>>> print(open('protein_17.cif').read())   # mmCIF, C-alpha atoms
data_start
#
loop_
_atom_site.label_atom_id
_atom_site.label_comp_id
_atom_site.auth_asym_id
_atom_site.auth_seq_id
_atom_site.Cartn_x
_atom_site.Cartn_y
_atom_site.Cartn_z
CA MET A 1 -10.62 -2.18 -13.80
CA LYS A 2 -11.37 -0.74 -10.41
CA LYS A 3 -9.08 1.89 -8.99
CA VAL A 4 -8.12 2.27 -5.34
CA ARG A 5 -6.59 5.04 -3.28
CA ILE A 6 -3.89 3.77 -0.96
CA LYS A 7 -2.61 5.80 1.97
CA GLN A 8 0.01 4.76 4.51
CA ILE A 9 -1.33 5.40 8.02
CA LYS A 10 1.23 3.48 10.11
CA SER A 11 5.00 3.55 10.02
CA GLY A 12 7.12 0.91 8.36
CA ILE A 13 9.83 1.33 11.00
CA ASP A 14 10.48 -1.91 12.91
CA LYS A 15 8.68 -3.92 10.23
CA PRO A 16 10.35 -6.73 8.26
CA ALA A 17 12.34 -5.70 5.18
CA ARG A 18 9.88 -7.60 2.99
CA GLN A 19 7.01 -5.35 4.12
CA LYS A 20 9.12 -2.23 3.57
CA ARG A 21 9.90 -3.37 0.02
CA THR A 22 6.20 -4.03 -0.59
CA LEU A 23 5.38 -0.43 0.39
CA VAL A 24 8.03 0.83 -2.04
CA ALA A 25 6.66 -1.45 -4.79
CA LEU A 26 3.21 0.05 -4.24
CA GLY A 27 4.73 3.51 -4.82
CA ILE A 28 4.30 4.72 -1.26
CA LYS A 29 7.25 6.91 -0.30
CA LYS A 30 6.07 8.83 2.76
CA MET A 31 3.39 8.65 5.41
CA HIS A 32 -0.04 10.11 4.60
CA ARG A 33 0.66 10.39 0.87
CA VAL A 34 -2.08 9.08 -1.41
CA VAL A 35 -1.34 6.81 -4.37
CA GLU A 36 -3.95 5.69 -6.90
CA LYS A 37 -3.54 2.24 -8.44
CA GLU A 38 -5.60 -0.05 -10.63
CA LEU A 39 -6.75 -3.06 -8.61
CA THR A 40 -5.02 -5.92 -10.41
CA PRO A 41 -4.52 -9.29 -8.69
CA GLN A 42 -0.84 -8.41 -8.15
CA VAL A 43 -1.62 -5.08 -6.47
CA GLU A 44 -4.37 -6.69 -4.40
CA GLY A 45 -1.89 -9.28 -3.13
CA MET A 46 0.61 -6.58 -2.14
CA ILE A 47 -2.13 -4.64 -0.34
CA ASN A 48 -3.16 -7.75 1.60
CA LYS A 49 0.43 -8.27 2.83
CA VAL A 50 0.67 -4.78 4.37
CA LYS A 51 -3.01 -3.91 4.96
CA HIS A 52 -2.31 -3.28 8.65
CA LEU A 53 -0.21 -0.26 7.60
CA LEU A 54 -2.60 1.13 4.97
CA SER A 55 -5.93 2.81 4.46
CA ILE A 56 -7.65 1.67 1.27
CA GLU A 57 -10.54 3.41 -0.48
CA GLU A 58 -12.21 2.34 -3.73
CA ILE A 59 -12.73 5.02 -6.35
#
>>> encode(input="protein_17.cif", output="structure tokens")
Amino acid sequence: MKKVRIKQIKSGIDKPARQKRTLVALGIKKMHRVVEKELTPQVEGMINKVKHLLSIEEI
């Protein structure tokens, strides 16, 4: 499986609760912290829902 580095670059403040929960489900706790995940279909779907808040880089 491919791995990706996910970094939150925009705030979740004033975003719908569903998007905030998606960030938590991805393991992102604070701004500018990097999380590495395997790119499964489930993770890819979560990334697509909040991609406007994230920076994604393939490893």
>>> atom_distance(input="protein_17.cif", atom1="atom CA of A:Ile9", atom2="atom CA of A:Pro41")
22.5 Å
>>> closest_residue(input="protein_17.cif", among="A:Lys3, A:Lys10, A:Lys15, A:His52", to="A:Lys30", atoms="only C-alpha atoms")
A:Lys10
>>> atom_distance(input="protein_17.cif", atom1="atom CA of A:Met1", atom2="atom CA of A:Lys20")
26.3 Å
>>> atom_distance(input="protein_17.cif", atom1="atom CA of A:Lys37", atom2="atom CA of A:Leu23")
12.8 Å
>>> residues_around(input="protein_17.cif", residues="A:Thr22", least_positions_apart="3", cutoff="12 Å", atoms="all atoms listed in the file", output="list in words")
Gln8, Gly12, Lys15, Pro16, Ala17, Arg18, Gln19, Ala25, Leu26, Gly27, Ile28, Lys29, Gln42, Val43, Glu44, Gly45, Met46, Ile47, Asn48, Lys49, Val50, Lys51, Leu53 and Leu54 of chain A
>>> closest_residue(input="protein_17.cif", among="A:Ser55, A:Val4, A:Val24, A:Asp14", to="A:Glu38", atoms="all atoms listed in the file")
A:Val4
>>> resolve_selection(input="protein_17.cif", expression="the PyMOL selection byres ((chain A and resi 57) around 6)", output="ChimeraX atom specification")
/A:4-5,56,58
>>> axis_aligned_box(input="protein_17.cif", around="stretch 3-14 of chain A", padding_each_side="5 Å", output="JSON")
{"center_x": 0.7, "center_y": 1.9, "center_z": 2.0, "size_x": 29.6, "size_y": 17.7, "size_z": 31.9}
>>> decode(input="protein_17.cif", residues="stretch 6-44 of chain A", atoms="C-alpha atoms", output="mmCIF file, in the first residue's frame")
data_model
loop_
_atom_site.group_PDB
_atom_site.id
_atom_site.type_symbol
_atom_site.label_atom_id
_atom_site.label_comp_id
_atom_site.auth_asym_id
_atom_site.auth_seq_id
_atom_site.Cartn_x
_atom_site.Cartn_y
_atom_site.Cartn_z
ATOM 1 C CA ILE A 6 -1.055 14.447 5.969
ATOM 2 C CA LYS A 7 -0.603 17.898 7.469
ATOM 3 C CA GLN A 8 -3.331 20.298 8.578
ATOM 4 C CA ILE A 9 -2.670 23.728 7.064
ATOM 5 C CA LYS A 10 -6.010 25.459 7.746
ATOM 6 C CA SER A 11 -8.010 25.695 10.934
ATOM 7 C CA GLY A 12 -11.057 23.592 11.681
ATOM 8 C CA ILE A 13 -12.658 26.467 13.594
ATOM 9 C CA ASP A 14 -15.988 27.526 12.051
ATOM 10 C CA LYS A 15 -16.183 24.283 10.083
ATOM 11 C CA PRO A 16 -19.061 21.797 10.430
ATOM 12 C CA ALA A 17 -18.784 19.267 13.256
ATOM 13 C CA ARG A 18 -18.607 16.461 10.686
ATOM 14 C CA GLN A 19 -15.383 17.891 9.234
ATOM 15 C CA LYS A 20 -13.904 18.339 12.717
ATOM 16 C CA ARG A 21 -14.661 14.692 13.516
ATOM 17 C CA THR A 22 -13.050 13.635 10.236
ATOM 18 C CA LEU A 23 -9.829 15.435 11.210
ATOM 19 C CA VAL A 24 -9.843 13.634 14.567
ATOM 20 C CA ALA A 25 -10.484 10.292 12.829
ATOM 21 C CA LEU A 26 -7.441 10.917 10.627
ATOM 22 C CA GLY A 27 -5.359 11.376 13.795
ATOM 23 C CA ILE A 28 -4.747 15.084 13.325
ATOM 24 C CA LYS A 29 -4.753 16.812 16.700
ATOM 25 C CA LYS A 30 -3.051 20.155 16.076
ATOM 26 C CA MET A 31 -2.180 22.440 13.199
ATOM 27 C CA HIS A 32 1.050 21.752 11.282
ATOM 28 C CA ARG A 33 1.531 18.297 12.788
ATOM 29 C CA VAL A 34 2.362 15.534 10.316
ATOM 30 C CA VAL A 35 0.599 12.160 10.374
ATOM 31 C CA GLU A 36 1.567 9.222 8.157
ATOM 32 C CA LYS A 37 -1.213 6.887 7.041
ATOM 33 C CA GLU A 38 -1.572 4.019 4.601
ATOM 34 C CA LEU A 39 -3.740 5.091 1.672
ATOM 35 C CA THR A 40 -6.719 2.761 2.000
ATOM 36 C CA PRO A 41 -10.040 3.590 0.314
ATOM 37 C CA GLN A 42 -11.445 4.646 3.705
ATOM 38 C CA VAL A 43 -8.585 7.058 4.431
ATOM 39 C CA GLU A 44 -8.733 8.410 0.883
#
